[in-house]
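Reading through the C-alpha cells given below for one structure.
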Amino acid sequence: MHPEDKTGIVGWGAYVPRYRLKAEEIVRIWGFEKTVPKGLFIIEKAVGGSDEDAVTIGWEAARNALMRAEIDPKEIGAVFFGTESKPYAVKPSATIIAEALGITPVTMASDMEFACRAGSEGLRASIGLVASGMVKYAMTIGADTAQANPGDVLEFTASSGGAAFIVGPREEAAAYFEGSYTYVTDTPDFWRRAHSHYPLHGEGFTGEPAYFNHIINSVKGLFNKLKLTPDDFDYAVFHQPNGKYPLRVGKRLGFPKEKIMPGLVTPWIGNTYNGSALIGLAKVLDQAKPGQRILVAPFGSGAGSDAYSIVVTERVEEKQRLAPMVQEYIDDKVYIDYGLYAKYRGIIRRITG
Amino acid sequence: MVRLSISRHWREKGAYYRLEGIECLDCGKRSYPPAPVCPHCGSRNVRRVKLPRTGRLLSYTITYSIPEGFREYAPVMLGLIELDDGTRLVSQLTDTKPEELRENMRVEAVLRRVQVDGEYGLIHYALKFRPHRPGGRKE
Amino acid sequence: MESKVYVIGVGLTRIARLYDKGLTDLFAEASLKALEDAGWPEVDAVVVGSMLPSIHNEQSSLASLLAQSLPYTRGKMAVGVEDADNSGLAAVIKGYSLIASGLAKTVLVAGVEKMTEYPSAMAIRALSQACNAQHELFHGATLISLQALLMRLYMNTYGIDRDTMSAWPVLMHSNASENPYAQLRFKVTKEQVASSMMVSDPIRLLDSSPIGDGAAAIVLAASDAAGSRNNAVEIAAVAQASDTVGIAYREDPLRLLAAEKAARTAYEKAGIKARDLDVVELHDTTTILGLLGLEALGLSPRGKAAVMVDEGEFSSKSKPSVNLSGGLKARGHPAGATGVYQAAEIALQLRGDYPGRRAPDPEMGLALGLGGLGSTASIIVMRR
Ligand SMILES: [Zn+2]
C-alpha cells in the first residue's frame with residue numbers, strides 16, 4: 001500500500017483557447033523549410049486572445065474541474081498553480097483564481113515554478129496533503145501562455161491552454177492514484193532569465209539528457225515501485241513538447257502508439273507547457289472506462305519528471321458530461337494569421353502608458 | 001496613460017470575479033451590480049447572491065471609437081445581457097467577432113483581463129461574456 | 001412665495017476645436033457678451049457649469065478662477081456646478097434657485113468646457129464618466145456605445161429602420177446650417193448618414209455629437225432687478241429628476257424616467273401641457289437620445305418619435321420646433337456648457353432675435369438637459 005491510493009481525482013477540467021495558428025503560417029513568416037512542422041508532428045497551435053493569460057486560462061480549467069467535482073469550493077484547502085507565464089513576477093496568481101472561484105480565504109495557495117512540470121509538482125503535493133488528512137480537497141492547475149522567441153523553432157509549438165485537477169478522498173474519485181514517483185537532476189536544457197521575454201534552450205540537448213532521460217527514469221522508477229509493466233496500462237500520457245517526442249519515449253518504454261494517441265494533443269493545440277501532459281490526462285479521463293489504468297508522466301526542463309499510475313473508477317462516466325471535454329475545445333476553433341497572433345500574444349511593441 | 005486605482009477595483013471583486021448581485025427580499029427582484037438598496041423598489045432588505053453565469057444578449061454594439069486603455073480589445077463589443085434569472089447587466093463580449101453577434105444569442109461569463117495598467121501596473125480581471133463554448137452547453 | 005426669475009442677457013461663443021482659447025478665454029467671451037446684452041448689471045453671484053475641468057484642465061475651484069476674469073466680481077459668490085453633461089442646465093437651475101430663494105438678485109450663469117486638450121481616446125473616456133465608472137466604463141463602455149445598445153434595442157423593439165432613424169440627424173444638420181454658433185454648419189442627406197463611419201454599431205458618425213470647445217452665459221435677474229428691460233424672458237418653471245446611473249438597472253431601458261418625471265413637474269408648475277410648447281431644445285448626444293427625449297417630454301407617443309421626425313414634425317414650421325440650434329448633434333456638445341447654450345437659445349427664440357432658424361412667433365419654450373443616459377434630467381420652461 002502507498003499513501004497515494006487513499007486519494008483520487010474527484011474533478012478534472014481543461015481549457016483550450018479558441019484561436020489557432022497553423023504551423024505553415026510560421027513557416028511563411030520566418031522562412032522555415034516547409035517540412036519542419038511535419039518533422040515536429042505539429043499541425044497547428046492554440047493561441048489565447050488579447051484578454052487571456054495563464055490566470056484566465058487556469059480559471060476556466062479550474063471552473064470545469066469544479067463542475068465535475070460537484071463540491072463546495074470552500075472545502076478546497078490548497079490551490080497550486082503551475083505556470084511559466086505568470087502574469088506577475090511577484091504576486092501570486094493562485095490567489096486570483098482561488099478568489100474568483102470562491103475558494104478563499106481559508107486555503108493554501110501558491111504558484112509553483114518548475115518549467116513545464118510545476119503543475120505536476122502541485123499534483124504530487126495535493127496527493128500528499130489529502131493523503132495525510134491535512135486538507136479534504138486540493139486543487140492543482142497547470143496553465144500557460146507559452147512564450148517562444150519569434151523565429152525560434154520553439155514558436156511552432158509554444159501555445160496556450162491549461163488543465164486542473166481536484167484531488168480528494170478515493171471514495172469520491174473518478175480515478176484513484178496507485179502510486180507516484182519523481183526523478184529530478186540539475187540539467188539546464190531550457191531556461192528563461194528573470195527579465196527576459198523569451199526562453200532559450202539547448203536544442204538537441206533538450207532531448208536525450210533531459211526529456212528522455214528523466215521521463216524514462218521516472219516511469220521505470222514507478223514500474224519498479226508498483227511492480228507494473230507497460231502491458232498493465234491502457235493509456236500512456238507523456239509531456240508533449242512536440243508530437244514526436246511522446247511517441248518516441250513511449251516506444252522506448254514499451255508502449256504501442258495506440259495507447260499514446262488518445263492523450264496526445266500537441267499536434268492540434270501545440271505545447272501548452274504546464275498544460276501539456278495534464279490536458280492529455282484530462283482528455284483520457286474524458287473517455288476512460290472504469291477499471292482502466294493510466295500512466296501519466298509530465299516533464300519539466302531543468303529537469304525532472306513525475307510518473308503516476310491512475311486507476312479509473314465507476315464514477316468516471318457520470319462526471320464526464322458535467323463539463324466541456326478536451327476534444328470539444330480542440331474542435332471549436334478559429335484560424336488567425338500571424339499578425340493577429342502577434343497582437344494577441346503581445347509581441348507587437350507599443351506604448352501602453 | 002491611465003493610472004488605475006488599486007482599492008477601487010479590489011473592493012468590487014465579488015461582483016467582478018463571481019458575479020455577485022443583490023436580491024430584494026421585498027419585491028423579489030435581483031440586480032447587478034450590488035447596491036445597498038434595491039434599485040427597483042428602494043427596499044434596504046436586500047441580500048447578496050451569486051447570479052447565474054449564463055444568459056442571452058438583449059442588445060449589443062461593436063465600438064470603433066475606443067476609450068484610452070482599450071485599443072488591444074478593439075473593436076470593443078458590448079452586450080446588454082439578461083441572465084437566466086432575469087437580472088440585466090452591461091458587459092464586454094469576448095472571443096467573438098462582429099458578424100457572429102445577434103440578439104438572443106446565448107452567452108456565458110468567463111474571467112478575462114479587462115484593464116491592464118500599462119507595463120508595470122496592476123492587471124484588473126473580471127468576468128466578460130462570450131458565446132457559449134464549446135457548443136451550447138449549460139453550466 | 002418664490003420670486004419670479006427672468007433671463008435678461010445671453011452670450012455665446014462659436015463651438016469648435018478652439019485650440020487657441022482656454023477655459024478663461026471662452027468664459028470671459030461668453031460672459032462679457034451676456035453682461036453687455038443685459039446692460040452691465042451688477043451681479044451678486046457667478047455660477048459655472050462644467051463637467052471636465054478637473055480632468056482636462058486639472059482645475060477645481062473653477063468658478064472663483066473664472067470670476068476673476070470679470071470686472072467687479074471679487075468678493076461675490078462664485079460656485080461651480082457639476083452634473084455630468086447636464087452641468088449647464090443644472091447651473092442655470094442653481095442660478096434660478098439663488099434668486100427664487102432671495103439669496104441673490106442678479107446671477108451670471110455660465111457653462112464652459114474644453115474638450116480638445118487631449119487626444120480623442122482620452123476625451124471619450126472622460127466624457128464617458130457621465131455613466132457608471134465601476135460597472136460600465138470599467139468594461140470599456142462609453143457614453144456613445146451605451147447609447148448604441150439602446151438604439152439597437154429601440155430599432156428592434158419598434159421595427160424602425162436606418163433610413164427612418166436618419167431623419168433626425170438630417171433635421172439637426174439642416175437647422176445647424178443656419179446657426180452661426182454651431183460646430184457643424186452643413187446639411188447632410190439620409191444617404192450620407194447611412195454611409196458615414198460606424199462609431200458604435202448602429203450609431204454612425206453622423207448620429208453622434210462632435211467633440212468641441214465652447215462657452216455660453218446667461219444673466220438671470222429677479223423681477224425688480226430685471227426692471228423694465230423689454231427683452232426679458234420669464235422662467236415659468238424649472239424641474240430636476242434623477243434615474244439610475246447604469247442602464248441595466250432600468251426596468252425599461254427605452255424610457256427616460258428622469259426626463260418624464262421632470263417634464264411632468266415642470267408642466268404642472270408652469271400650468272401647461274406638452275402641446276402648448278412652441279420651441280424646444282433637447283439633449284441628443286446621439287440620435288437615439290434625441291428620440292427618447294421627444295417621447296419623454298410627451299411630444300411623441302413611445303416608439304413613434306423617429307417616424308414623426310421622418311414625417312416632417314418638429315421642424316421650424318412645426319409646433320413645437322425642436323432643436324432649431326441643430327441640437328447636440330450639429331450645434332455641438334461642449335459637455336457642461338451645452339445646457340447654458342440651450343437656455344440661451346430658448347430665450348433668444350422667445351425674444352425673437354435668435355440668429356438662426358426661428359420658430360414662428362413662439363410664446364412658450366422648454367430646454368431639456370440630460371446627464372449621461374438620462375441619469376439626471378433638468379428642465380427649464382420659459383415664457384415670452
Ligand atoms: Zn425591491
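Identifiers for the C-alpha cells are assigned positionally: chains receive A, B, ... in sequence, residues are indexed from 1 per chain, and ligands are indexed from 1 in the order shown.
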
>> If we count only C-alpha atoms and set the cut-off at 12 Å, which residues sit around His135 (chain C), ignoring sequence neighbours fewer than 3 positions away in its own chain? Please answer as a VMD selection string.
In response: (chain B and resid 8 to 9 12 to 13 15 to 16 19 21 32 to 35 89 to 92 114 126 to 128) or (chain C and resid 129 131 to 132 138 to 142 146 245 to 249)

> Which polymer residues have any atom within 7 Å of an atom of Val130 (chain A), counting only C-alpha atoms, with same-chain residues fewer than 6 positions away left out, as a PyMOL selection string?
Replying inline: chain A and resi 7+136-138+168

>> Please determine, counting only C-alpha atoms, which residue among B:Arg71, B:Arg102, B:Arg47, B:Arg18 has the shortest atom-to-atom distance to chain A.
In response: B:Arg18

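Among A:Val219, A:Val167, A:Ile141, A:Val16, the residue with the shortest atom-to-atom distance to chain B, counting only C-alpha atoms, is A:Val16.
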
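Residues in contact with ligand 1 (atom pairs separated by at most 8 Å; only C-alpha atoms and all ligand atoms) are Glu23, Cys24, Leu25, Asp26, Cys27, Gly28, Lys29, Arg30, Val37, Cys38, Pro39, His40, Cys41, Gly42, Ser43, Asn45 and Val46 of chain B.
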
Saved selection, atoms kept: N, CA and C atoms, as an mmCIF file, in the first residue's frame:
```cif
data_model
loop_
_atom_site.group_PDB
_atom_site.id
_atom_site.type_symbol
_atom_site.label_atom_id
_atom_site.label_comp_id
_atom_site.auth_asym_id
_atom_site.auth_seq_id
_atom_site.Cartn_x
_atom_site.Cartn_y
_atom_site.Cartn_z
ATOM 1 N N GLU B 23 -30.376 40.435 -4.139
ATOM 2 C CA GLU B 23 -31.762 40.009 -4.301
ATOM 3 C C GLU B 23 -32.578 40.755 -3.269
ATOM 4 N N CYS B 24 -33.688 41.332 -3.718
ATOM 5 C CA CYS B 24 -34.544 42.103 -2.820
ATOM 6 C C CYS B 24 -35.518 41.150 -2.134
ATOM 7 N N LEU B 25 -35.539 41.199 -0.805
ATOM 8 C CA LEU B 25 -36.420 40.295 -0.073
ATOM 9 C C LEU B 25 -37.848 40.832 -0.030
ATOM 10 N N ASP B 26 -38.041 42.069 -0.509
ATOM 11 C CA ASP B 26 -39.398 42.623 -0.560
ATOM 12 C C ASP B 26 -40.045 42.424 -1.931
ATOM 13 N N CYS B 27 -39.379 42.913 -2.993
ATOM 14 C CA CYS B 27 -40.020 42.789 -4.315
ATOM 15 C C CYS B 27 -39.531 41.570 -5.076
ATOM 16 N N GLY B 28 -38.480 40.916 -4.568
ATOM 17 C CA GLY B 28 -38.031 39.673 -5.197
ATOM 18 C C GLY B 28 -37.108 39.853 -6.385
ATOM 19 N N LYS B 29 -36.904 41.108 -6.803
ATOM 20 C CA LYS B 29 -36.081 41.310 -7.997
ATOM 21 C C LYS B 29 -34.599 41.252 -7.658
ATOM 22 N N ARG B 30 -33.825 40.826 -8.643
ATOM 23 C CA ARG B 30 -32.374 40.781 -8.485
ATOM 24 C C ARG B 30 -31.738 41.890 -9.304
ATOM 25 N N VAL B 37 -29.413 49.441 -1.578
ATOM 26 C CA VAL B 37 -30.874 49.354 -1.628
ATOM 27 C C VAL B 37 -31.291 48.788 -2.980
ATOM 28 N N CYS B 38 -32.467 48.206 -3.016
ATOM 29 C CA CYS B 38 -32.982 47.644 -4.261
ATOM 30 C C CYS B 38 -33.291 48.778 -5.235
ATOM 31 N N PRO B 39 -32.703 48.775 -6.430
ATOM 32 C CA PRO B 39 -32.952 49.865 -7.378
ATOM 33 C C PRO B 39 -34.397 49.858 -7.888
ATOM 34 N N HIS B 40 -35.078 48.743 -7.716
ATOM 35 C CA HIS B 40 -36.435 48.641 -8.260
ATOM 36 C C HIS B 40 -37.491 49.163 -7.302
ATOM 37 N N CYS B 41 -37.333 48.886 -5.994
ATOM 38 C CA CYS B 41 -38.386 49.303 -5.060
ATOM 39 C C CYS B 41 -37.854 50.140 -3.905
ATOM 40 N N GLY B 42 -36.542 50.294 -3.813
ATOM 41 C CA GLY B 42 -35.985 51.135 -2.757
ATOM 42 C C GLY B 42 -35.833 50.450 -1.408
ATOM 43 N N SER B 43 -36.105 49.163 -1.349
ATOM 44 C CA SER B 43 -36.009 48.457 -0.070
ATOM 45 C C SER B 43 -34.549 48.275 0.348
ATOM 46 N N ASN B 45 -33.928 45.895 2.385
ATOM 47 C CA ASN B 45 -33.973 44.491 2.762
ATOM 48 C C ASN B 45 -33.431 43.627 1.610
ATOM 49 N N VAL B 46 -32.102 43.739 1.385
ATOM 50 C CA VAL B 46 -31.505 43.021 0.265
ATOM 51 C C VAL B 46 -30.399 42.098 0.767
#
```

>> Select, as a count of residues only, those residues of chain B with any atom no more than 6 Å from chain A (distances computed using only C-alpha atoms).
In response: 8

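Counting only C-alpha atoms, region 215-217 of chain C has the following residues at most 6 Å away, ignoring those fewer than 3 positions along the same chain: Val10, Gly11, Leu12, Thr13, Leu26, Phe27, Ala30, Ser31, Ala34, Val109, Ala110, Gly111, Val112, Ala337, Val340 and Tyr341 of chain C.
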
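Minimum atom-to-atom distances from B:Arg88, B:Lys97, B:Arg48, B:Arg106 to Phe129 (chain B) were compared using only C-alpha atoms, and the lowest value belongs to B:Arg106.
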
Which residues of chain C sit at most 6 Å from chain B, using only C-alpha atoms? Give each one's shortest atom pair and distance in Å (one decimal place), in chain and ascending residue order, as a Markdown table.
```
| residue | atom | partner | partner_atom | distance |
| --- | --- | --- | --- | --- |
| C:Ala121 | CA | B:Pro67 | CA | 4.6 |
| C:Met122 | CA | B:Glu68 | CA | 5.4 |
| C:Ile124 | CA | B:Pro67 | CA | 5.5 |
| C:Arg125 | CA | B:Pro67 | CA | 4.9 |
| C:His139 | CA | B:Gln92 | CA | 5.6 |
| C:Ala148 | CA | B:Thr61 | CA | 6.0 |
| C:Leu149 | CA | B:Tyr60 | CA | 5.4 |
| C:Leu153 | CA | B:Ser59 | CA | 5.8 |
| C:Val199 | CA | B:Tyr64 | CA | 5.3 |
| C:Ser200 | CA | B:Thr63 | CA | 4.0 |
| C:Asp201 | CA | B:Thr61 | CA | 5.1 |
| C:Ala248 | CA | B:Leu89 | CA | 4.8 |
```

Give me a file of those residues, with all heavy atoms, as an mmCIF file, in the first residue's frame.
```cif
data_model
loop_
_atom_site.group_PDB
_atom_site.id
_atom_site.type_symbol
_atom_site.label_atom_id
_atom_site.label_comp_id
_atom_site.auth_asym_id
_atom_site.auth_seq_id
_atom_site.Cartn_x
_atom_site.Cartn_y
_atom_site.Cartn_z
ATOM 1 N N ALA C 121 -9.094 59.679 -27.636
ATOM 2 C CA ALA C 121 -9.286 58.497 -26.785
ATOM 3 C C ALA C 121 -9.427 58.896 -25.316
ATOM 4 O O ALA C 121 -10.155 58.258 -24.548
ATOM 5 C CB ALA C 121 -8.127 57.511 -26.953
ATOM 6 N N MET C 122 -8.741 59.989 -24.924
ATOM 7 C CA MET C 122 -8.854 60.488 -23.553
ATOM 8 C C MET C 122 -10.160 61.239 -23.374
ATOM 9 O O MET C 122 -10.817 61.127 -22.332
ATOM 10 C CB MET C 122 -7.679 61.417 -23.236
ATOM 11 C CG MET C 122 -6.318 60.798 -23.413
ATOM 12 S SD MET C 122 -5.662 60.072 -21.926
ATOM 13 C CE MET C 122 -5.395 61.505 -20.905
ATOM 14 N N ILE C 124 -12.934 60.778 -24.982
ATOM 15 C CA ILE C 124 -14.029 59.796 -24.955
ATOM 16 C C ILE C 124 -14.140 59.194 -23.563
ATOM 17 O O ILE C 124 -15.222 59.069 -22.997
ATOM 18 C CB ILE C 124 -13.759 58.671 -25.989
ATOM 19 C CG1 ILE C 124 -13.863 59.219 -27.413
ATOM 20 C CG2 ILE C 124 -14.725 57.508 -25.787
ATOM 21 C CD1 ILE C 124 -13.247 58.297 -28.452
ATOM 22 N N ARG C 125 -13.002 58.847 -23.006
ATOM 23 C CA ARG C 125 -13.012 58.232 -21.681
ATOM 24 C C ARG C 125 -13.524 59.221 -20.636
ATOM 25 O O ARG C 125 -14.298 58.863 -19.747
ATOM 26 C CB ARG C 125 -11.603 57.748 -21.321
ATOM 27 C CG ARG C 125 -11.580 56.869 -20.083
ATOM 28 C CD ARG C 125 -10.283 56.070 -19.942
ATOM 29 N NE ARG C 125 -10.290 55.385 -18.645
ATOM 30 C CZ ARG C 125 -9.890 54.136 -18.446
ATOM 31 N NH1 ARG C 125 -9.436 53.423 -19.441
ATOM 32 N NH2 ARG C 125 -9.944 53.601 -17.246
ATOM 33 N N HIS C 139 -15.663 48.215 -18.185
ATOM 34 C CA HIS C 139 -15.683 47.218 -19.253
ATOM 35 C C HIS C 139 -15.402 47.823 -20.628
ATOM 36 O O HIS C 139 -15.581 47.151 -21.641
ATOM 37 C CB HIS C 139 -17.028 46.500 -19.284
ATOM 38 C CG HIS C 139 -17.248 45.612 -18.088
ATOM 39 N ND1 HIS C 139 -16.595 44.419 -17.942
ATOM 40 C CD2 HIS C 139 -18.013 45.754 -16.988
ATOM 41 C CE1 HIS C 139 -16.958 43.859 -16.803
ATOM 42 N NE2 HIS C 139 -17.814 44.643 -16.204
ATOM 43 N N ALA C 148 -25.621 53.107 -28.112
ATOM 44 C CA ALA C 148 -25.753 52.172 -29.237
ATOM 45 C C ALA C 148 -26.578 50.951 -28.826
ATOM 46 O O ALA C 148 -27.370 50.435 -29.612
ATOM 47 C CB ALA C 148 -24.380 51.752 -29.739
ATOM 48 N N LEU C 149 -26.373 50.497 -27.565
ATOM 49 C CA LEU C 149 -27.180 49.375 -27.073
ATOM 50 C C LEU C 149 -28.661 49.743 -27.096
ATOM 51 O O LEU C 149 -29.516 48.941 -27.469
ATOM 52 C CB LEU C 149 -26.758 48.998 -25.644
ATOM 53 C CG LEU C 149 -25.345 48.442 -25.457
ATOM 54 C CD1 LEU C 149 -25.039 48.260 -23.975
ATOM 55 C CD2 LEU C 149 -25.173 47.122 -26.195
ATOM 56 N N LEU C 153 -31.785 48.329 -29.543
ATOM 57 C CA LEU C 153 -32.984 47.838 -28.859
ATOM 58 C C LEU C 153 -34.230 48.572 -29.364
ATOM 59 O O LEU C 153 -35.276 47.971 -29.605
ATOM 60 C CB LEU C 153 -32.804 48.050 -27.351
ATOM 61 C CG LEU C 153 -33.665 47.261 -26.390
ATOM 62 C CD1 LEU C 153 -33.472 45.753 -26.597
ATOM 63 C CD2 LEU C 153 -33.312 47.635 -24.947
ATOM 64 N N VAL C 199 -19.412 54.430 -35.661
ATOM 65 C CA VAL C 199 -18.759 54.783 -34.396
ATOM 66 C C VAL C 199 -18.972 53.662 -33.388
ATOM 67 O O VAL C 199 -18.039 53.183 -32.742
ATOM 68 C CB VAL C 199 -19.312 56.112 -33.858
ATOM 69 C CG1 VAL C 199 -18.789 56.385 -32.456
ATOM 70 C CG2 VAL C 199 -18.947 57.247 -34.798
ATOM 71 N N SER C 200 -20.231 53.268 -33.230
ATOM 72 C CA SER C 200 -20.568 52.175 -32.323
ATOM 73 C C SER C 200 -21.876 51.595 -32.846
ATOM 74 O O SER C 200 -22.940 52.120 -32.555
ATOM 75 C CB SER C 200 -20.699 52.694 -30.887
ATOM 76 O OG SER C 200 -20.805 51.626 -29.979
ATOM 77 N N ASP C 201 -21.765 50.564 -33.602
ATOM 78 C CA ASP C 201 -22.866 49.971 -34.349
ATOM 79 C C ASP C 201 -24.131 49.839 -33.485
ATOM 80 O O ASP C 201 -24.078 49.201 -32.442
ATOM 81 C CB ASP C 201 -22.394 48.587 -34.829
ATOM 82 C CG ASP C 201 -23.307 48.015 -35.894
ATOM 83 O OD1 ASP C 201 -24.329 48.634 -36.203
ATOM 84 O OD2 ASP C 201 -22.981 46.925 -36.404
ATOM 85 N N ALA C 248 -28.591 49.015 -16.937
ATOM 86 C CA ALA C 248 -29.040 47.649 -16.657
ATOM 87 C C ALA C 248 -30.049 47.596 -15.509
ATOM 88 O O ALA C 248 -30.813 46.651 -15.388
ATOM 89 C CB ALA C 248 -27.841 46.762 -16.346
#
```
